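Text of target36.cif (mmCIF, C-alpha atoms) as supplied:
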data_entry
#
loop_
_atom_site.label_atom_id
_atom_site.label_comp_id
_atom_site.auth_asym_id
_atom_site.auth_seq_id
_atom_site.Cartn_x
_atom_site.Cartn_y
_atom_site.Cartn_z
CA GLY A 1415 51.81 -55.93 1.76
CA LYS A 1416 54.95 -53.98 1.03
CA PHE A 1417 55.25 -50.25 0.46
CA SER A 1418 58.43 -49.12 -1.26
CA MET A 1419 59.74 -47.17 -4.23
CA ASN A 1420 59.50 -50.33 -6.35
CA PRO A 1421 56.33 -50.08 -8.54
CA SER A 1422 55.92 -53.88 -8.45
CA ASP A 1423 55.38 -53.94 -4.68
CA VAL A 1424 51.71 -54.27 -3.70
CA MET A 1425 49.69 -53.23 -0.66
CA ASN A 1426 46.42 -55.04 0.19
CA TYR A 1427 43.65 -53.31 2.14
CA SER A 1428 40.49 -54.63 3.76
CA ILE A 1429 38.17 -51.92 5.09
CA ARG A 1430 35.22 -52.75 7.34
CA ASN A 1431 32.70 -50.30 8.82
CA VAL A 1432 35.02 -47.30 9.01
CA HIS A 1433 33.11 -44.25 10.28
CA LEU A 1434 34.06 -41.21 8.18
CA GLY A 1435 32.46 -38.91 10.74
CA ARG A 1436 35.09 -39.78 13.34
CA ILE A 1437 37.86 -39.13 10.81
CA SER A 1438 36.25 -35.81 9.90
CA ASP A 1439 36.13 -34.82 13.58
CA LEU A 1440 39.85 -35.53 13.91
CA VAL A 1441 40.78 -33.68 10.72
CA GLY A 1442 38.53 -30.67 11.37
CA GLY A 1443 37.94 -28.13 8.64
CA ARG A 1444 35.05 -26.15 7.18
CA VAL A 1445 33.34 -29.17 5.58
CA HIS A 1446 32.24 -32.06 7.79
CA PHE A 1447 31.68 -35.43 6.14
CA ALA A 1448 30.21 -38.70 7.37
CA GLY A 1449 29.34 -42.18 6.18
CA ARG A 1450 30.37 -45.81 6.63
CA VAL A 1451 33.13 -47.24 4.41
CA ASN A 1452 33.66 -50.83 3.33
CA GLY A 1453 35.87 -52.32 0.65
CA ASP A 1454 38.79 -54.42 -0.52
CA LEU A 1455 41.55 -53.08 -2.74
CA ILE A 1456 45.19 -53.29 -3.68
CA THR A 1457 47.49 -50.38 -4.50
CA GLN A 1458 50.72 -49.98 -6.42
CA SER A 1459 53.20 -47.17 -7.09
CA LEU A 1460 51.78 -44.99 -4.33
CA SER A 1461 55.03 -43.03 -4.22
CA GLN A 1462 54.70 -42.13 -7.93
CA VAL A 1463 51.30 -42.28 -9.67
CA PRO A 1464 48.80 -44.04 -7.35
CA ILE A 1465 46.91 -46.91 -8.98
CA PHE A 1466 44.39 -49.09 -7.20
CA GLU A 1467 42.24 -52.08 -8.06
CA GLY A 1468 39.20 -53.19 -6.09
CA ASN A 1469 35.89 -51.93 -4.75
CA LEU A 1470 35.00 -49.26 -2.22
CA THR A 1471 31.54 -48.25 -0.95
CA ILE A 1472 30.33 -45.48 1.32
CA ARG A 1473 26.84 -45.93 2.72
CA ARG A 1474 24.77 -42.95 3.86
CA ALA A 1475 27.39 -40.42 2.86
CA GLU A 1476 26.78 -36.93 4.26
CA ILE A 1477 28.34 -33.49 3.91
CA ASN A 1478 27.69 -30.97 6.70
CA ASP A 1479 24.96 -33.24 8.08
CA ARG A 1480 23.07 -33.32 4.77
CA LEU A 1481 22.56 -36.62 2.99
CA ILE A 1482 24.24 -37.35 -0.35
CA GLY A 1483 23.42 -41.06 -0.58
CA ASP A 1484 25.69 -43.94 -1.50
CA VAL A 1485 29.09 -43.69 -3.14
CA ASP A 1486 30.44 -46.71 -5.06
CA LEU A 1487 33.89 -46.96 -6.61
CA SER A 1488 35.30 -49.90 -8.57
CA SER A 1489 38.51 -50.37 -10.54
CA ILE A 1490 39.38 -53.48 -12.60
CA TYR A 1491 42.62 -54.09 -14.44
CA SER A 1492 42.30 -55.03 -18.14
CA PRO A 1493 45.41 -56.89 -19.39
CA GLU A 1494 44.31 -56.51 -23.03
CA GLU A 1495 44.10 -52.72 -22.74
CA ASN A 1496 46.83 -52.41 -20.09
CA ARG A 1497 44.71 -50.05 -18.02
CA PHE A 1498 42.44 -49.89 -14.99
CA ASN A 1499 38.82 -49.43 -16.05
CA THR A 1500 37.20 -47.37 -13.32
CA ARG A 1501 33.61 -46.54 -12.43
CA ALA A 1502 32.31 -44.24 -9.68
CA SER A 1503 28.74 -43.34 -8.81
CA VAL A 1504 26.89 -41.14 -6.32
CA TYR A 1505 23.23 -42.06 -5.88
CA THR A 1506 20.48 -41.15 -3.45
CA ASP A 1507 18.47 -44.35 -3.65
CA PRO A 1508 14.75 -43.57 -3.09
CA LEU A 1509 14.19 -47.12 -1.81
CA ARG A 1510 16.95 -46.80 0.78
CA TYR A 1511 16.31 -43.17 1.71
CA PRO A 1512 12.56 -42.60 1.15
CA ASP A 1513 12.18 -40.03 3.95
CA TYR A 1514 14.91 -37.77 2.56
CA ILE A 1515 13.56 -37.99 -1.00
CA ALA A 1516 10.04 -37.16 0.21
CA GLU A 1517 11.24 -34.15 2.24
CA ASN A 1518 13.49 -32.92 -0.59
CA ASP A 1519 10.85 -32.65 -3.34
CA SER A 1520 11.93 -36.01 -4.84
CA ILE A 1521 15.41 -34.61 -5.59
CA GLY A 1522 18.63 -36.51 -4.96
CA GLN A 1523 22.09 -37.09 -6.40
CA ASN A 1524 22.48 -39.33 -9.45
CA LEU A 1525 26.00 -39.01 -10.80
CA LEU A 1526 28.06 -41.50 -12.81
CA PHE A 1527 31.75 -41.28 -13.72
CA GLU A 1528 33.30 -43.84 -16.08
CA GLY A 1529 36.78 -44.03 -17.54
CA TYR A 1530 40.23 -45.45 -17.16
CA VAL A 1531 43.66 -44.94 -15.64
CA SER A 1532 46.62 -46.51 -17.44
CA PRO A 1533 50.22 -46.82 -16.25
CA PRO A 1534 51.83 -43.54 -17.33
CA ASP A 1535 54.73 -43.49 -19.77
CA PHE A 1536 57.42 -41.46 -18.05
CA ASP A 1537 59.40 -41.33 -21.28
CA ASN A 1538 56.42 -39.64 -22.97
CA PRO A 1539 54.99 -37.38 -20.24
CA ASP A 1540 52.61 -35.60 -22.66
CA GLU A 1541 50.78 -38.83 -23.46
CA GLU A 1542 47.28 -39.07 -22.01
CA PHE A 1543 46.98 -41.69 -19.26
CA PHE A 1544 43.55 -41.02 -17.72
CA TYR A 1545 40.10 -40.12 -19.00
CA PHE A 1546 36.66 -39.96 -17.39
CA SER A 1547 33.24 -39.06 -18.74
CA ALA A 1548 30.59 -37.72 -16.36
CA SER A 1549 26.88 -38.36 -16.69
CA LEU A 1550 25.32 -35.87 -14.30
CA ASN A 1551 21.78 -37.21 -14.46
CA GLU A 1552 20.61 -35.27 -11.40
CA ILE A 1553 22.50 -32.83 -9.19
CA ASP A 1554 20.98 -31.83 -5.87
CA MET A 1555 21.95 -28.16 -6.07
CA TRP A 1556 22.32 -27.49 -2.32
CA ILE A 1557 25.88 -28.75 -2.85
CA ALA A 1558 26.68 -25.39 -4.52
CA THR A 1559 26.64 -23.69 -1.11
CA ILE A 1560 29.55 -25.93 -0.06
CA ILE A 1561 31.56 -24.95 -3.13
CA VAL A 1562 31.02 -21.16 -2.95
CA PRO A 1563 29.73 -20.39 0.58
CA SER A 1564 30.84 -16.74 0.44
CA ILE A 1565 28.64 -16.10 -2.61
CA LEU A 1566 25.59 -18.40 -2.24
CA LYS A 1567 23.64 -18.42 1.01
CA GLU A 1568 21.05 -21.05 0.04
CA VAL A 1569 20.31 -23.12 -3.08
CA GLU A 1570 17.55 -25.67 -3.65
CA GLY A 1571 16.50 -27.57 -6.75
CA SER A 1572 18.12 -29.85 -9.29
CA SER A 1573 20.11 -29.63 -12.50
CA SER A 1574 21.69 -32.06 -14.95
CA GLY A 1575 24.62 -32.12 -17.32
CA ARG A 1576 27.50 -33.93 -18.95
CA GLY A 1577 31.25 -33.53 -18.87
CA GLU A 1578 34.66 -35.10 -19.27
CA ILE A 1579 38.17 -34.84 -17.86
CA ARG A 1580 41.46 -36.12 -19.29
CA GLY A 1581 45.11 -35.63 -18.56
CA SER A 1582 48.77 -36.52 -18.89
CA LEU A 1583 51.73 -36.19 -16.57
CA THR A 1584 52.21 -32.58 -17.70
CA ASP A 1585 48.69 -31.24 -18.14
CA PHE A 1586 44.97 -31.89 -17.78
CA ASP A 1587 41.77 -30.57 -19.30
CA PHE A 1588 38.06 -30.75 -18.52
CA HIS A 1589 34.72 -29.43 -19.74
CA ALA A 1590 31.19 -29.72 -18.39
CA THR A 1591 27.81 -28.29 -19.36
CA PHE A 1592 25.03 -27.90 -16.78
CA ASN A 1593 21.35 -27.43 -17.60
CA ILE A 1594 19.67 -25.52 -14.78
CA GLU A 1595 15.88 -25.36 -14.56
CA ASP A 1596 13.98 -23.38 -11.92
CA VAL A 1597 16.67 -23.65 -9.25
CA SER A 1598 16.00 -21.48 -6.20
CA ALA A 1599 19.12 -19.52 -5.21
CA GLU A 1600 19.83 -16.73 -2.71
CA PRO A 1601 23.14 -14.84 -3.08
CA VAL A 1602 24.72 -13.65 0.16
CA PHE A 1603 25.27 -10.02 -0.85
CA VAL A 1604 21.83 -9.56 -2.50
CA ASN A 1605 19.70 -11.37 0.09
CA THR A 1606 16.97 -12.00 -2.49
CA ARG A 1607 15.74 -15.43 -3.54
CA TYR A 1608 15.71 -15.99 -7.31
CA SER A 1609 14.44 -18.74 -9.56
CA VAL A 1610 17.31 -19.44 -11.98
CA SER A 1611 17.18 -21.22 -15.34
CA GLY A 1612 19.69 -21.54 -18.17
CA GLN A 1613 22.94 -23.16 -19.23
CA LEU A 1614 26.26 -22.98 -17.42
CA ASP A 1615 29.55 -24.13 -18.99
CA PHE A 1616 32.58 -24.99 -16.87
CA ASP A 1617 36.01 -25.74 -18.29
CA ARG A 1618 39.61 -25.26 -17.39
CA HIS A 1619 40.49 -22.53 -19.89
CA ASP A 1620 37.40 -20.30 -19.77
CA GLY A 1621 36.23 -21.00 -16.22
CA LEU A 1622 32.49 -20.48 -15.73
CA THR A 1623 30.42 -19.20 -18.66
CA PHE A 1624 26.86 -18.04 -17.95
CA ASN A 1625 24.77 -18.36 -21.11
CA ASN A 1626 21.83 -15.95 -20.76
CA MET A 1627 20.67 -17.37 -17.44
CA VAL A 1628 17.21 -16.10 -16.54
CA ARG A 1629 16.56 -14.91 -12.98
CA ARG A 1630 13.05 -14.32 -11.60
CA ASP A 1631 12.32 -12.85 -8.18
CA GLY A 1632 8.83 -14.35 -7.75
CA GLN A 1633 7.17 -10.92 -7.84
CA GLY A 1634 7.10 -10.31 -11.58
CA GLY A 1635 10.69 -9.12 -11.87
CA ARG A 1636 13.03 -10.69 -14.41
CA GLY A 1637 16.72 -10.52 -15.20
CA VAL A 1638 19.21 -12.12 -17.61
CA LEU A 1639 22.77 -12.87 -16.47
CA TYR A 1640 25.57 -13.53 -18.97
CA GLY A 1641 29.34 -13.43 -19.02
CA THR A 1642 32.29 -15.29 -17.53
CA VAL A 1643 34.14 -15.97 -14.29
CA ASP A 1644 37.76 -16.78 -15.13
CA LEU A 1645 39.17 -19.05 -12.41
CA ASP A 1646 42.76 -18.37 -13.55
CA ASN A 1647 43.67 -22.05 -13.52
CA PHE A 1648 42.33 -22.41 -9.95
CA SER A 1649 44.58 -19.76 -8.48
CA GLU A 1650 43.58 -17.65 -5.50
CA THR A 1651 42.38 -14.87 -7.80
CA THR A 1652 39.35 -15.12 -10.09
CA TYR A 1653 38.36 -12.55 -12.71
CA LEU A 1654 34.77 -11.42 -13.22
CA ASN A 1655 33.09 -10.19 -16.40
CA LEU A 1656 29.34 -10.45 -15.82
CA THR A 1657 26.39 -8.44 -17.11
CA LEU A 1658 22.88 -8.40 -15.63
CA ASP A 1659 19.95 -6.99 -17.60
CA MET A 1660 17.08 -6.17 -15.20
CA ASN A 1661 13.38 -5.65 -15.83
CA ASN A 1662 11.69 -4.59 -12.57
CA LEU A 1663 13.97 -7.06 -10.80
CA GLN A 1664 14.54 -6.95 -7.05
CA PHE A 1665 18.30 -6.46 -6.86
CA MET A 1666 18.69 -5.85 -3.12
CA ASN A 1667 16.82 -6.83 0.02
CA ASN A 1668 19.26 -6.63 2.89
CA PRO A 1669 18.13 -5.67 6.44
CA TYR A 1670 19.74 -3.12 8.72
CA ASP A 1671 23.14 -4.12 10.05
CA PRO A 1672 25.37 -1.74 12.06
CA ASP A 1673 28.40 -3.12 10.20
CA VAL A 1674 26.87 -2.48 6.75
CA PRO A 1675 25.88 1.20 6.49
CA PHE A 1676 23.77 0.73 3.34
CA TYR A 1677 20.62 -1.32 3.16
CA ALA A 1678 17.60 -1.39 0.90
CA SER A 1679 14.61 -3.17 -0.50
CA ALA A 1680 14.86 -2.06 -4.10
CA ARG A 1681 13.62 -3.08 -7.54
CA GLY A 1682 14.64 -1.61 -10.84
CA THR A 1683 15.08 -1.75 -14.60
CA GLY A 1684 18.42 -1.27 -16.33
CA GLN A 1685 21.81 -2.91 -16.75
CA ALA A 1686 24.67 -3.56 -14.31
CA ARG A 1687 28.14 -5.03 -14.86
CA ILE A 1688 30.59 -6.68 -12.48
CA THR A 1689 34.24 -6.68 -13.59
CA GLY A 1690 37.61 -6.96 -11.89
CA SER A 1691 38.76 -9.71 -9.54
CA ASN A 1692 37.30 -11.34 -6.46
CA PHE A 1693 39.72 -9.20 -4.40
CA SER A 1694 38.70 -5.96 -6.12
CA PRO A 1695 35.33 -6.31 -7.87
CA PHE A 1696 33.89 -3.29 -9.64
CA LEU A 1697 30.09 -2.97 -9.86
CA ARG A 1698 28.75 -0.28 -12.16
CA THR A 1699 25.64 0.63 -14.09
CA THR A 1700 26.07 1.02 -17.85
CA GLN A 1701 22.97 3.20 -17.82
CA PRO A 1702 20.93 4.66 -14.95
CA ILE A 1703 18.71 2.08 -13.26
CA SER A 1704 15.09 3.14 -13.08
CA ILE A 1705 13.96 2.47 -9.50
CA SER A 1706 10.47 0.98 -9.20
CA THR A 1707 7.73 2.36 -6.99
CA GLY A 1708 7.78 1.05 -3.43
CA SER A 1709 11.57 0.72 -3.21
CA ARG A 1710 13.32 1.76 0.00
CA ILE A 1711 16.96 2.80 0.29
CA SER A 1712 18.49 3.73 3.66
CA ILE A 1713 21.85 5.22 4.59
CA PRO A 1714 21.81 5.48 8.41
CA ILE A 1715 24.36 7.86 9.91
CA LEU A 1716 24.81 7.06 13.60
CA GLU A 1717 26.44 9.23 16.24
CA ASP A 1718 29.39 6.86 16.55
CA THR A 1719 29.93 6.45 12.78
CA ASP A 1720 33.54 7.12 11.82
CA MET A 1721 33.26 8.25 8.21
CA ARG A 1722 37.00 8.29 7.74
CA GLN A 1723 37.43 4.59 8.51
CA SER A 1724 34.33 3.06 6.91
CA GLN A 1725 35.33 0.33 4.43
CA ASN A 1726 31.87 -1.09 3.81
CA PHE A 1727 29.46 -0.32 0.97
CA ILE A 1728 29.73 3.47 1.15
CA GLN A 1729 32.64 5.87 1.53
CA PHE A 1730 32.06 9.59 1.96
CA VAL A 1731 34.22 11.27 -0.68
CA ASP A 1732 34.87 14.70 -2.15
CA THR A 1733 35.41 13.43 -5.70
CA PHE A 1734 33.97 10.78 -8.02
CA ASP A 1735 37.25 10.17 -9.85
CA LEU A 1736 37.67 6.41 -9.28
CA ASP A 1737 41.38 6.38 -10.18
CA GLU A 1738 42.08 9.08 -7.61
CA LEU A 1739 40.02 7.29 -4.97
CA ARG A 1740 41.88 4.01 -5.54
CA GLU A 1741 45.21 5.82 -5.28
CA ARG A 1742 44.16 7.41 -1.98
CA GLU A 1743 43.01 4.07 -0.60
CA ALA A 1744 46.30 2.41 -1.59
CA LEU A 1745 48.28 5.18 0.12
CA ALA A 1746 46.15 4.91 3.25
CA ARG A 1747 46.66 1.17 3.44
CA SER A 1748 50.42 1.36 2.91
CA GLY A 1749 50.67 4.08 5.53
CA SER A 1750 48.80 2.03 8.12
CA GLY A 1751 50.76 -1.14 7.36
CA SER A 1752 47.54 -3.06 6.78
CA SER A 1753 46.60 -4.87 3.58
CA ASN A 1754 42.88 -4.75 4.24
CA GLY A 1755 42.38 -1.25 5.56
CA ARG A 1756 41.15 -2.44 8.97
CA ASN A 1757 44.35 -2.05 10.94
CA GLY A 1758 44.86 -5.77 11.45
CA ALA A 1759 41.21 -6.74 11.95
CA GLU A 1760 39.47 -9.51 10.05
CA PRO A 1761 39.76 -9.30 6.21
CA LEU A 1762 37.03 -7.75 4.11
CA THR A 1763 34.17 -9.95 2.97
CA PHE A 1764 33.42 -10.44 -0.73
CA ALA A 1765 30.62 -7.86 -0.60
CA GLU A 1766 32.74 -5.29 1.25
CA ARG A 1767 35.45 -5.41 -1.42
CA PHE A 1768 33.14 -3.91 -4.07
CA THR A 1769 33.89 -0.58 -5.69
CA LEU A 1770 30.54 0.89 -6.75
CA ASP A 1771 29.74 3.32 -9.55
CA LEU A 1772 25.96 3.26 -9.64
CA GLN A 1773 23.43 5.67 -11.12
CA PHE A 1774 19.72 5.59 -10.30
CA ILE A 1775 16.65 7.40 -11.55
CA ALA A 1776 13.50 7.53 -9.40
CA ASN A 1777 10.59 8.52 -11.63
CA ASN A 1778 8.25 7.84 -8.69
CA PRO A 1779 8.74 8.52 -4.98
CA VAL A 1780 11.28 6.27 -3.24
CA GLN A 1781 11.52 6.18 0.53
#
How would this structure read if it were set down as C-alpha cells?
Amino acid sequence: GKFSMNPSDVMNYSIRNVHLGRISDLVGGRVHFAGRVNGDLITQSLSQVPIFEGNLTIRRAEINDRLIGDVDLSSIYSPEENRFNTRASVYTDPLRYPDYIAENDSIGQNLLFEGYVSPPDFDNPDEEFFYFSASLNEIDMWIATIIVPSILKEVEGSSSGRGEIRGSLTDFDFHATFNIEDVSAEPVFVNTRYSVSGQLDFDRHDGLTFNNMVRRDGQGGRGVLYGTVDLDNFSETTYLNLTLDMNNLQFMNNPYDPDVPFYASARGTGQARITGSNFSPFLRTTQPISISTGSRISIPILEDTDMRQSQNFIQFVDTFDLDELREREALARSGSGSSNGRNGAEPLTFAERFTLDLQFIANNPVQ
C-alpha cells in the first residue's frame, strides 16, 4: 500500500503467527505480554486519526506470564452510517483453556466492547466521532495488581460491571461501574488479606468512588471503606479522600524489616481517614482507635539507627505541630538539595510518604 498525508491512501496488512512475546522482550518495560497474532486489515489516515478495517486475533494472550485468553478485534465499514462499526472481546474460553479455569476457581476474563469510529469532522472538532459500550461480564481481578502494583500486592477473585466511553477531537468522557463480590485483596502497606465486597465507580471527572465497600479480615473483623480517589485527569498526582470505619479489623500485619522501623500485628475499632495526594498522603484517626487484645506493636531502636535521618514510618520529634514539622522537613530537603530527603538515594515508596497522626487506646494489655 501507500502511506502518505493523503487520507485516501490505503495500507494493507497481512499478519501471520506474530509472537508478541518476542516483541515484548525487545521493547522491555515493567509489563511483559505474550500471545500469537493473526489478522488482515487495511488502514487509512494514520498520520491524522487512525482508522482501520479488518480482523485481528490474539491467541493465548498473557500478561506477566499469566493467561488472559483470546483477544478478538473486528472493524467493518458501514456506508449507510459512514462509520466503522467495531467490536472487541477478551475471553478465557473454558473449552480451550480448561486447566487454567480449573486452577483459577473457574474464573476467567469475559469482556465485550462494542461501538463505532466515524471519520472526524475537522470543521466541527467538538462533534462526537467515537463511542464504545463495555459489557464487563467477568473480570479476573488479578489484573488489578498490574494497574496499581505499588498499592496492591495480590488480588484474586472476580467482579463484573458496565461502562461506556465517548469522545470528540477536543475531549473525551467515560464512566464505569464495577460490582465486587468477595474479592480477596492484600494491600502492600497493610500486609493483611481482606475479603472485599461493594460497588466501585470509575469516571473521568470524579476518578474512583468507593461506595461503602465492606472489608473482612477472615477473623471476625469488619470494616467499611468509602470516599474518592481523584485521578486529576490522569496526571502524575492523585488526590485521596478516603474513610475507613473499623470494627475489630486487622489494620496492620507487617513483619520486621530493618528499613521500616515500625511493625505490628494489630486489630482495632475506630475510624481512620486518608487525605492529601499520592506524593504526600496524610493518615489520621478521627477518634482514638481501640486496640484489641492480642495486638502487638514494635518500635525497634537499633544501635546503628540514625534518628535524624529516618524518613520511614516514624520520626522522633519534639513537637506534634504538623505544620511546623512539615516546614522543618521542607527546609531540610531544600538545604540538602534533595527532593526526597534521602540525599540522592532511591525515592520514597508510597507507604513511606505517609504523614501519620494516629491516636490509640489500649483498654487491655498490648505487647
Given only C-alpha atoms as the basis, pick out the residue of A:Leu1663, A:Thr1606, A:Phe1544, A:Glu1467 nearest to A:Asp1585.
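Among the listed residues, the smallest separation from A:Asp1585 belongs to A:Phe1544.
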Provide the atom CA of A:Leu1639 to atom CA of A:Asp1617 distance in Å, to one decimal place.
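Computed distance, atom CA of A:Leu1639 to atom CA of A:Asp1617, equals 18.6 Å.
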Fewer than 4 positions away in the same chain doesn't count, so skip those; otherwise give me all residues within 6 Å of stretch 1683-1694 of chain A, counting only C-alpha atoms, as a ChimeraX atom specification.
/A:1652-1662,1698-1700,1703-1704,1767
Within 9 Å of A:Ala1548, counting only C-alpha atoms, which residues show up once you throw out same-chain ones fewer than 4 positions away? Write them as a PyMOL selection string, please.
chain A and resi 1525-1529+1575-1579+1590
Taking the file as I've supplied it (selection: the PyMOL selection byres ((chain A and resi 1519) around 12)), which residues are included? Please answer as an MDAnalysis selection string.
chainID A and resid 1508 1512:1518 1520:1522 1554 1570:1572
Selected residues written out, C-alpha atoms, as a short mmCIF file (atom, residue, chain, number, x, y, z; two decimals), in the coordinates of the input:
data_model
loop_
_atom_site.label_atom_id
_atom_site.label_comp_id
_atom_site.auth_asym_id
_atom_site.auth_seq_id
_atom_site.Cartn_x
_atom_site.Cartn_y
_atom_site.Cartn_z
CA PRO A 1508 14.75 -43.57 -3.09
CA PRO A 1512 12.56 -42.60 1.15
CA ASP A 1513 12.18 -40.03 3.95
CA TYR A 1514 14.91 -37.77 2.56
CA ILE A 1515 13.56 -37.99 -1.00
CA ALA A 1516 10.04 -37.16 0.21
CA GLU A 1517 11.24 -34.15 2.24
CA ASN A 1518 13.49 -32.92 -0.59
CA SER A 1520 11.93 -36.01 -4.84
CA ILE A 1521 15.41 -34.61 -5.59
CA GLY A 1522 18.63 -36.51 -4.96
CA ASP A 1554 20.98 -31.83 -5.87
CA GLU A 1570 17.55 -25.67 -3.65
CA GLY A 1571 16.50 -27.57 -6.75
CA SER A 1572 18.12 -29.85 -9.29
#
Translate the PyMOL selection byres ((chain A and resi 1553) around 6), as applied to the file shown, into an explicit residue set as a VMD selection string.
chain A and resid 1523 1552 1554 to 1555 1572 to 1574
Have a look at A:Asn1431, A:Gln1701, A:Ser1488, A:Ser1438 and name the one nearest to A:Arg1473; count all atoms listed in the file.
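For A:Arg1473, the nearest of the candidates is A:Asn1431.
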Tell me, in Å to one decimal, how far atom CA of A:Leu1622 is from atom CA of A:Arg1607.
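Interatomic distance here is 21.3 Å.
The spacing separating atom CA of A:Ser1503 from atom CA of A:Thr1584 amounts to 27.3 Å.
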Write out as an NGL selection string which residues come within 7 Å of A:Asn1668 when counting all atoms listed in the file, dropping same-chain ones fewer than 5 positions away.
:A and (1604-1605 or 1677-1679)
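Run against this file, the PyMOL selection byres ((chain A and resi 1448-1453) around 7) gives back Ser1428, Ile1429, Arg1430, Asn1431, Val1432, His1433, Leu1434, Gly1435, His1446, Phe1447, Asp1454, Leu1455, Asn1469, Leu1470, Thr1471, Ile1472, Arg1473, Arg1474, Ala1475, Glu1476 and Ile1477 of chain A.
Excluding A:Ser1611 and any residue on its chain fewer than 3 positions from it, the residues at most 9 Å away by all atoms listed in the file are Asn1593, Ile1594, Glu1595, Asp1596, Val1597, Asn1626, Met1627, Val1628, Arg1629 and Arg1630 of chain A.
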Pick the closest to A:Gly1612 from A:Phe1592, A:Ala1680, A:Ile1565, A:Val1441: which is it, counting only C-alpha atoms?
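Going through A:Phe1592, A:Ala1680, A:Ile1565, A:Val1441 one by one, the smallest distance to A:Gly1612 is for A:Phe1592.
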Please, which residues are within 8 Å of (29.3, 6.9, -9.4) by the file's coordinates, counting only C-alpha atoms, and could they come as a compact mmCIF listing (two decimals) with C-alpha atoms, keeping the file's coordinate frame?
# COMPACT_ATOMS: atom_id res chain seq x y z
CA ARG A 1698 28.75 -0.28 -12.16
CA PHE A 1734 33.97 10.78 -8.02
CA LEU A 1770 30.54 0.89 -6.75
CA ASP A 1771 29.74 3.32 -9.55
CA LEU A 1772 25.96 3.26 -9.64
CA GLN A 1773 23.43 5.67 -11.12
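Candidate residues A:Val1485, A:Leu1566, A:Leu1440, A:Val1424 were compared for distance to A:Ile1456, and the nearest is A:Val1424, using only C-alpha atoms.
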From the list A:Asn1647, A:Ser1598, A:Asn1478, A:Thr1707, which residue is nearest A:Asp1620 when using only C-alpha atoms?
A:Asn1647
Could you work out an axis-aligned box for stretch 1581-1593 of chain A, taking every atom the file lists and adding 5 Å on each side, and report centre and edge lengths in Å to one decimal, as JSON?
{"center_x": 36.8, "center_y": -32.0, "center_z": -18.2, "size_x": 40.9, "size_y": 19.1, "size_z": 13.2}
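Neighbours of A:Asp1535 closer than or equal to 12 Å, with all atoms listed in the file counted and sequence neighbours fewer than 5 positions away skipped, come out as Gln1462, Val1463, Asn1496, Asp1540, Glu1541, Glu1542, Phe1543, Phe1544, Ser1582, Leu1583 and Thr1584 of chain A.
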